[in-house]
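S.K.: Got structure12.txt for you, compact mmCIF, C-alpha atoms and all ligand atoms:
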```txt
# COMPACT_ATOMS: atom_id res chain seq x y z
CA MET U 1 130.14 95.16 57.09
CA THR U 2 129.82 91.82 58.81
CA PRO U 3 126.62 91.41 60.79
CA ILE U 4 127.09 91.11 64.56
CA ASP U 5 126.53 87.57 65.83
CA LEU U 6 124.28 88.25 68.81
CA ALA U 7 125.09 84.87 70.32
CA VAL U 8 128.64 86.01 71.15
CA VAL U 9 127.71 89.46 72.50
CA PRO U 10 127.93 89.28 76.32
CA ALA U 11 124.62 89.62 78.21
CA TRP U 12 125.79 92.77 80.00
CA ALA U 13 126.33 94.55 76.67
CA ILE U 14 122.83 93.62 75.52
CA ALA U 15 121.56 94.71 78.96
CA VAL U 16 123.12 98.18 78.51
CA ALA U 17 121.60 98.50 75.02
CA LEU U 18 118.18 97.32 76.24
CA GLY U 19 118.44 99.64 79.25
CA LEU U 20 119.03 102.70 77.05
CA PHE U 21 116.24 101.57 74.72
CA GLY U 22 114.00 101.12 77.79
CA LEU U 23 114.67 104.71 78.93
CA THR U 24 113.30 106.09 75.67
CA ILE U 25 110.37 103.66 75.68
CA GLY U 26 109.69 104.76 79.29
CA SER U 27 109.33 108.30 78.01
CA PHE U 28 106.63 107.07 75.60
CA LEU U 29 104.98 105.05 78.40
CA ASN U 30 104.57 108.30 80.39
CA VAL U 31 102.54 109.62 77.47
CA CYS U 32 100.46 106.41 77.37
CA ILE U 33 99.81 106.50 81.14
CA TYR U 34 98.59 110.08 80.91
CA ARG U 35 96.61 109.93 77.67
CA ILE U 36 95.04 106.44 77.35
CA PRO U 37 92.64 106.81 80.32
CA ILE U 38 91.38 110.18 79.07
CA GLY U 39 90.93 108.89 75.53
CA GLN U 40 93.62 111.02 73.85
CA SER U 41 95.82 109.86 70.97
CA ILE U 42 99.19 108.54 72.12
CA VAL U 43 100.99 109.70 68.95
CA HIS U 44 99.57 113.17 68.40
CA PRO U 45 100.02 115.98 69.38
CA PRO U 46 103.65 116.07 70.64
CA SER U 47 104.22 116.55 74.38
CA ARG U 48 103.50 119.99 75.77
CA CYS U 49 103.96 121.68 79.11
CA MET U 50 100.70 121.39 81.04
CA ARG U 51 100.94 124.99 82.29
CA CYS U 52 102.37 127.13 79.46
CA GLY U 53 101.28 124.79 76.64
CA LYS U 54 104.60 125.15 74.78
CA GLN U 55 105.69 122.14 72.76
CA LEU U 56 108.71 120.43 74.33
CA ARG U 57 111.99 120.61 72.38
CA TRP U 58 114.00 117.45 71.84
CA TYR U 59 116.48 118.46 74.53
CA HIS U 60 113.60 118.76 77.03
CA ASN U 61 112.68 115.19 76.23
CA VAL U 62 115.91 113.28 76.88
CA PRO U 63 114.89 110.55 79.37
CA VAL U 64 115.87 111.24 83.01
CA LEU U 65 118.71 113.63 81.99
CA SER U 66 116.44 116.51 80.91
CA TRP U 67 114.50 116.29 84.15
CA LEU U 68 117.76 116.40 86.14
CA MET U 69 119.28 119.23 84.07
CA LEU U 70 116.11 121.32 84.32
CA ARG U 71 115.84 120.43 88.03
CA GLY U 72 112.32 119.08 87.58
CA ARG U 73 110.95 122.23 85.95
CA CYS U 74 109.51 123.18 82.56
CA GLY U 75 112.26 124.63 80.33
CA PHE U 76 110.02 127.54 79.30
CA CYS U 77 107.91 128.62 82.25
CA GLY U 78 109.51 126.87 85.22
CA ALA U 79 106.37 124.92 86.20
CA GLY U 80 107.17 121.88 88.34
CA VAL U 81 107.41 118.51 86.52
CA SER U 82 106.57 115.46 88.63
CA ALA U 83 109.47 113.18 89.62
CA ARG U 84 107.29 110.32 88.42
CA TYR U 85 108.22 111.01 84.81
CA PRO U 86 111.94 110.21 85.22
CA ALA U 87 111.01 107.44 87.68
CA VAL U 88 108.89 105.65 85.04
CA GLU U 89 111.70 106.10 82.49
CA LEU U 90 114.28 104.68 84.88
CA LEU U 91 112.00 101.80 85.88
CA THR U 92 111.38 100.86 82.24
CA GLY U 93 115.12 101.03 81.54
CA VAL U 94 115.93 98.71 84.45
CA VAL U 95 113.12 96.27 83.63
CA PHE U 96 114.20 96.10 79.96
CA ALA U 97 117.84 95.59 80.95
CA LEU U 98 116.92 92.66 83.23
CA HIS U 99 115.37 90.87 80.24
CA ALA U 100 118.84 90.56 78.69
CA PHE U 101 119.83 88.08 81.42
CA VAL U 102 116.81 85.83 80.86
CA PHE U 103 115.98 85.85 77.14
CA GLU U 104 118.13 85.33 74.07
CA PRO U 105 117.78 88.03 71.43
CA GLY U 106 114.78 86.98 69.32
CA PRO U 107 111.01 87.08 68.97
CA LEU U 108 110.29 85.86 72.52
CA LEU U 109 112.39 88.71 73.95
CA LEU U 110 110.42 91.18 71.84
CA VAL U 111 107.07 89.77 73.03
CA ARG U 112 108.17 89.95 76.68
CA LEU U 113 109.43 93.55 76.30
CA VAL U 114 106.09 94.66 74.85
CA PHE U 115 104.36 92.72 77.65
CA ALA U 116 106.53 94.46 80.29
CA ALA U 117 105.73 97.88 78.77
CA VAL U 118 101.99 97.11 78.86
CA LEU U 119 102.28 96.00 82.51
CA ILE U 120 104.07 99.22 83.50
CA VAL U 121 101.38 101.34 81.82
CA LEU U 122 98.56 99.34 83.45
CA ALA U 123 100.23 99.58 86.88
CA PHE U 124 100.33 103.38 86.82
CA ILE U 125 96.90 103.86 85.20
CA ASP U 126 95.44 101.70 87.99
CA ILE U 127 97.19 103.87 90.62
CA ASP U 128 95.90 107.08 89.01
CA HIS U 129 92.36 106.11 88.00
CA ARG U 130 91.58 102.69 89.52
CA ILE U 131 90.81 101.37 86.05
CA LEU U 132 92.48 98.88 83.69
CA PRO U 133 91.49 99.84 80.12
CA ASP U 134 89.94 97.05 78.02
CA SER U 135 91.95 98.38 75.07
CA MET U 136 95.01 96.90 76.76
CA THR U 137 93.70 93.90 78.73
CA LEU U 138 91.13 92.46 76.28
CA THR U 139 93.26 93.21 73.23
CA GLY U 140 96.19 91.42 74.84
CA ILE U 141 94.30 88.12 75.20
CA PRO U 142 94.04 87.19 71.48
CA LEU U 143 97.48 88.66 70.78
CA GLY U 144 99.03 86.57 73.56
CA VAL U 145 97.32 83.39 72.36
CA LEU U 146 98.33 84.13 68.76
CA ALA U 147 102.00 84.61 69.67
CA SER U 148 101.91 81.31 71.60
CA PHE U 149 101.30 79.37 68.39
CA TRP U 150 104.99 79.98 67.58
CA LEU U 151 106.53 80.83 70.93
CA PRO U 152 106.50 79.60 74.54
CA PRO U 153 104.35 78.80 76.45
CA GLY U 154 102.61 77.20 73.42
CA TRP U 155 98.96 77.66 72.48
CA ARG U 156 97.58 74.98 74.84
CA ASP U 157 99.30 76.43 77.91
CA SER U 158 98.29 79.90 76.77
CA LEU U 159 94.59 79.01 76.43
CA ILE U 160 94.59 77.22 79.79
CA GLY U 161 96.31 80.32 81.19
CA VAL U 162 93.46 82.55 79.99
CA VAL U 163 90.79 80.32 81.56
CA LEU U 164 92.71 79.66 84.77
CA GLY U 165 93.87 83.27 85.22
CA GLY U 166 90.55 84.90 84.45
CA GLY U 167 88.51 82.12 86.07
CA SER U 168 90.38 81.98 89.39
CA LEU U 169 90.24 85.73 89.90
CA TRP U 170 86.58 85.83 88.86
CA LEU U 171 85.83 83.20 91.52
CA ILE U 172 87.74 85.18 94.16
CA ALA U 173 85.95 88.40 93.17
CA GLU U 174 82.55 86.70 93.16
CA GLY U 175 83.20 84.95 96.48
CA TYR U 176 84.35 88.17 98.13
CA TYR U 177 81.27 89.98 96.84
CA ARG U 178 78.91 87.30 98.22
CA TRP U 179 80.74 87.29 101.56
CA ARG U 180 81.20 91.03 102.20
CA LYS U 181 78.47 92.43 99.92
CA VAL U 182 80.99 94.96 98.57
CA GLU U 183 83.04 94.78 95.43
CA GLY U 184 86.62 94.00 96.43
CA MET U 185 87.91 93.50 92.94
CA GLY U 186 86.77 94.75 89.57
CA MET U 187 86.30 92.92 86.29
CA GLY U 188 89.34 94.85 85.05
CA ASP U 189 91.56 92.71 87.30
CA VAL U 190 89.90 89.54 85.98
CA LYS U 191 90.52 90.54 82.35
CA MET U 192 94.06 91.58 83.16
CA LEU U 193 94.97 88.22 84.72
CA ALA U 194 93.39 86.44 81.72
CA MET U 195 95.69 88.54 79.48
CA ILE U 196 98.68 87.65 81.65
CA GLY U 197 97.71 83.96 81.33
CA ALA U 198 97.56 84.29 77.53
CA VAL U 199 101.13 85.58 77.40
CA LEU U 200 102.79 83.56 80.17
CA GLY U 201 100.77 80.34 80.25
CA TRP U 202 98.99 78.63 83.14
CA ARG U 203 101.98 77.88 85.38
CA ALA U 204 103.31 81.43 85.42
CA VAL U 205 99.82 82.88 85.78
CA MET U 206 99.45 80.94 89.04
CA VAL U 207 102.84 82.30 90.16
CA THR U 208 101.55 85.79 89.31
CA LEU U 209 98.39 85.31 91.34
CA VAL U 210 100.31 84.09 94.42
CA LEU U 211 102.93 86.85 94.21
CA SER U 212 100.44 89.67 93.67
CA SER U 213 98.05 88.44 96.39
CA CYS U 214 100.92 88.16 98.91
CA SER U 215 102.43 91.56 98.05
CA GLY U 216 98.97 93.16 98.02
CA ALA U 217 98.12 91.66 101.41
CA LEU U 218 101.45 92.84 102.88
CA VAL U 219 101.01 96.40 101.64
CA GLY U 220 97.34 96.35 102.70
CA ALA U 221 98.28 95.23 106.22
CA ALA U 222 101.00 97.88 106.44
CA MET U 223 98.53 100.56 105.36
CA MET U 224 95.91 99.39 107.85
CA SER U 225 98.37 99.57 110.73
CA SER U 226 99.77 102.96 109.72
CA GLN U 227 96.47 104.74 109.14
CA LYS U 228 93.09 103.87 110.54
CA ASP U 229 91.11 104.78 107.44
CA GLY U 230 93.64 103.21 105.08
CA MET U 231 91.30 100.50 103.88
CA ARG U 232 88.65 102.96 102.82
CA TYR U 233 90.64 103.34 99.63
CA ALA U 234 90.73 100.07 97.76
CA LEU U 235 94.26 99.09 96.78
CA PRO U 236 94.97 99.17 93.03
CA PHE U 237 95.21 95.38 92.63
CA GLY U 238 96.19 95.77 88.96
CA THR U 239 99.44 97.35 90.16
CA PHE U 240 100.23 94.24 92.20
CA LEU U 241 99.24 92.01 89.26
CA SER U 242 101.77 93.96 87.18
CA ILE U 243 104.55 93.42 89.70
CA GLY U 244 103.68 89.71 90.02
CA ALA U 245 103.52 89.22 86.26
CA LEU U 246 106.86 90.96 85.70
CA VAL U 247 108.52 88.70 88.25
CA ALA U 248 106.77 85.65 86.77
CA SER U 249 107.81 86.60 83.23
CA LEU U 250 111.46 86.85 84.28
CA VAL U 251 111.87 84.10 86.90
CA GLY U 252 108.55 82.22 86.86
CA GLU U 253 109.96 78.92 85.59
CA PRO U 254 112.84 78.73 88.14
CA LEU U 255 110.35 79.69 90.88
CA VAL U 256 107.99 76.84 89.91
CA THR U 257 110.89 74.35 89.74
CA TRP U 258 112.14 75.51 93.16
CA TYR U 259 108.66 75.23 94.67
CA LEU U 260 108.04 71.77 93.22
CA SER U 261 111.40 70.59 94.60
CA PHE U 262 109.74 70.47 98.03
CA TYR U 263 107.38 67.78 96.75
CA PRO U 264 109.53 64.82 95.71
ZN ZN U 301 105.83 125.40 80.82
```
Write out the structure in this file as structure tokens.
Ligand SMILES: [Zn+2]

M.R.:
Amino acid sequence: MTPIDLAVVPAWAIAVALGLFGLTIGSFLNVCIYRIPIGQSIVHPPSRCMRCGKQLRWYHNVPVLSWLMLRGRCGFCGAGVSARYPAVELLTGVVFALHAFVFEPGPLLLVRLVFAAVLIVLAFIDIDHRILPDSMTLTGIPLGVLASFWLPPGWRDSLIGVVLGGGSLWLIAEGYYRWRKVEGMGMGDVKMLAMIGAVLGWRAVMVTLVLSSCSGALVGAAMMSSQKDGMRYALPFGTFLSIGALVASLVGEPLVTWYLSFYP
């Protein structure tokens, strides 16, 4: 059998393969989102129904399809299964597929897929619990720097990214605290942006900060105008950092080039 030369496989074909792969990874990410914050193992035991406790069969676990076929219910007892499960699977599939149009098959693609998976998990854990586990943010910093010794953005840009990402958000958090005397942002966000800087480098980490602040401010303003007590619940800023970092990972460089084109 001759090995397939990936350089001649069209991007759409790789996108389909990555999309299907992403659907199954999304299924695993659902497990991570549920179990990591409550300190359970992500590999054991196998998934069970939360009501009847029966272990799911393989055909209950086919991404998106099982949920559709079972009409959002447990295959044993009929308990409702949240639409968020297939939504996370679909989201992961789409995000993975998009990577095919930006990265050549290789180690950098792999790093960015793992990074995207971590961002998706952090985004939903922050929505559910308003926390960003150190096991993901702090662990990601040395791993991101290490990978940068061989891959873009390079170790210098990566280290500057850690300092700039963590430092800028720490300053904002500290400034807000001094000004309003309430905590507007947690240290979790600071560590998360440092991790993003380690993986993407200092340019893309700045893109991330701008994108997530703008999207967070927009959603915050919309919530304030739609409900009077909306701001009593702090927005999960980690979720916006995830969205910003995903965009920056995929189109950060073209965005920076486009922005700098206004300054001849
Ligand atoms: Zn059940």

S.K.: Using only C-alpha atoms and all ligand atoms, which protein or nucleic acid residues are at most 8 Å from ligand ZN 301 (chain U), as a list in words?

M.R.: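 The distance check yields Arg48, Cys49, Met50, Arg51, Cys52, Gly53, Lys54, Arg73, Cys74, Gly75, Phe76, Cys77, Gly78 and Ala79 of chain U.
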
S.K.: Skipping near chain neighbours, those fewer than 2 positions away, what residues fall within 12 Å of Val219 (chain U) using only C-alpha atoms, listed as a list in words?

M.R.: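 Neighbouring residues, sequence-local ones excluded: Ser212, Ser213, Cys214, Ser215, Gly216, Ala217, Ala221, Ala222, Met223, Met224, Ser225, Ser226, Gly230, Met231, Ala234, Leu235, Pro236, Phe237, Thr239 and Phe240 of chain U.
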
S.K.: Can you spit out the residues from that selection as a PDB file, keeping the file's coordinate frame, using C-alpha atoms?

M.R.:
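And here's again14.pdb as it stands now:
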```pdb
ATOM      1  CA  SER U 212     100.440  89.670  93.670  1.00  0.00           C
ATOM      2  CA  SER U 213      98.050  88.440  96.390  1.00  0.00           C
ATOM      3  CA  CYS U 214     100.920  88.160  98.910  1.00  0.00           C
ATOM      4  CA  SER U 215     102.430  91.560  98.050  1.00  0.00           C
ATOM      5  CA  GLY U 216      98.970  93.160  98.020  1.00  0.00           C
ATOM      6  CA  ALA U 217      98.120  91.660 101.410  1.00  0.00           C
ATOM      7  CA  ALA U 221      98.280  95.230 106.220  1.00  0.00           C
ATOM      8  CA  ALA U 222     101.000  97.880 106.440  1.00  0.00           C
ATOM      9  CA  MET U 223      98.530 100.560 105.360  1.00  0.00           C
ATOM     10  CA  MET U 224      95.910  99.390 107.850  1.00  0.00           C
ATOM     11  CA  SER U 225      98.370  99.570 110.730  1.00  0.00           C
ATOM     12  CA  SER U 226      99.770 102.960 109.720  1.00  0.00           C
ATOM     13  CA  GLY U 230      93.640 103.210 105.080  1.00  0.00           C
ATOM     14  CA  MET U 231      91.300 100.500 103.880  1.00  0.00           C
ATOM     15  CA  ALA U 234      90.730 100.070  97.760  1.00  0.00           C
ATOM     16  CA  LEU U 235      94.260  99.090  96.780  1.00  0.00           C
ATOM     17  CA  PRO U 236      94.970  99.170  93.030  1.00  0.00           C
ATOM     18  CA  PHE U 237      95.210  95.380  92.630  1.00  0.00           C
ATOM     19  CA  THR U 239      99.440  97.350  90.160  1.00  0.00           C
ATOM     20  CA  PHE U 240     100.230  94.240  92.200  1.00  0.00           C
TER      21      PHE U 240
END
```

S.K.: Here is a test: counting all atoms listed in the file, which residue of U:Met185, U:Ile25, U:Leu146, U:Leu6 is nearest to Leu91 (chain U)?

M.R.: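 Answer, going by the shortest atom-to-atom distance: U:Ile25.
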
S.K.: Nearest residue to Val94 (chain U) out of U:Asn61, U:Leu23, U:Val121, U:Ile4, using all atoms listed in the file?

M.R.: U:Leu23

S.K.: Name the closest residue to Thr92 (chain U) among the candidates U:Val62, U:Val162, U:Ala198, U:Leu18; distances are taken between atoms, counting all atoms listed in the file.

M.R.: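 Of U:Val62, U:Val162, U:Ala198, U:Leu18, the one nearest Thr92 (chain U), counting all atoms listed in the file, is U:Leu18.
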
S.K.: With a distance cut-off of 8 Å and only C-alpha atoms, select the neighbouring residues of Phe101 (chain U), excluding the residue or stretch itself and same-chain residues fewer than 6 positions from it, and output the selection as a list in words.

M.R.: Ala11, Trp12 and Ala15 of chain U

S.K.: So, counting only C-alpha atoms, which residue among U:Leu255, U:Leu246, U:Leu132, U:Ala116 is closest to Gly26 (chain U)?

M.R.: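 Closest residue, counting only C-alpha atoms: U:Ala116.
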
S.K.: Which neighbours of region 133-140 of chain U fall inside 7 Å, counting only C-alpha atoms, when residues of the same chain fewer than 6 positions from it are skipped, and could you give them as a list in words?

M.R.: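 Using only C-alpha atoms, the neighbours found are Lys191, Met192 and Met195 of chain U.
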
S.K.: Have a look at CA of Gly144 (chain U) and CA of Ile243 (chain U) and let me know their distance in Å, one decimal.

M.R.: 18.4 Å

S.K.: For Val207 (chain U), which of U:Ile38, U:Ile160, U:Val256, U:Val190 is the closest residue, counting all atoms listed in the file?

M.R.: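 Checking each candidate against Val207 (chain U), we get U:Val256 as the closest.
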
S.K.: Provide the CA of Arg84 (chain U) to CA of Arg112 (chain U) distance in Å, to one decimal place.

M.R.: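 For CA of Arg84 (chain U) relative to CA of Arg112 (chain U), the distance reads 23.5 Å.
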
S.K.: At what distance in Å, to one decimal, does CA of Asp189 (chain U) lie from CA of Tyr177 (chain U)?

M.R.: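 Atom-to-atom, CA of Tyr177 (chain U) and CA of Asp189 (chain U) are spaced 14.3 Å apart.
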
S.K.: Which of these residues is nearest to Ala204 (chain U), using all atoms listed in the file: U:Val102, U:Val182, U:Leu260, U:Val251?

M.R.: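 The answer is U:Val251, which sits nearest to Ala204 (chain U).
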
S.K.: Please give the centre and size of the box around region 195-211 of chain U (axis-aligned, containing every atom listed in the file, 5 Å added per side), with values in Å to one decimal and written as AutoDock Vina command-line options.

M.R.:
```
--center_x 99.5 --center_y 83.2 --center_z 85.9 --size_x 17.6 --size_y 20.7 --size_z 27.0
```

S.K.: Set the distance at 12 Å and use all atoms listed in the file: which residues neighbour Ile36 (chain U) once local chain neighbours fewer than 5 positions away are removed? I'd like the list as a list in words.

M.R.: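 The residues that qualify are Phe28, Leu29, Asn30, Val31, Ser41, Ile42, Val43, Val118, Val121, Leu122, Phe124, Ile125, Asp126, Asp128, His129, Ile131, Leu132, Pro133, Asp134, Ser135 and Met136 of chain U.
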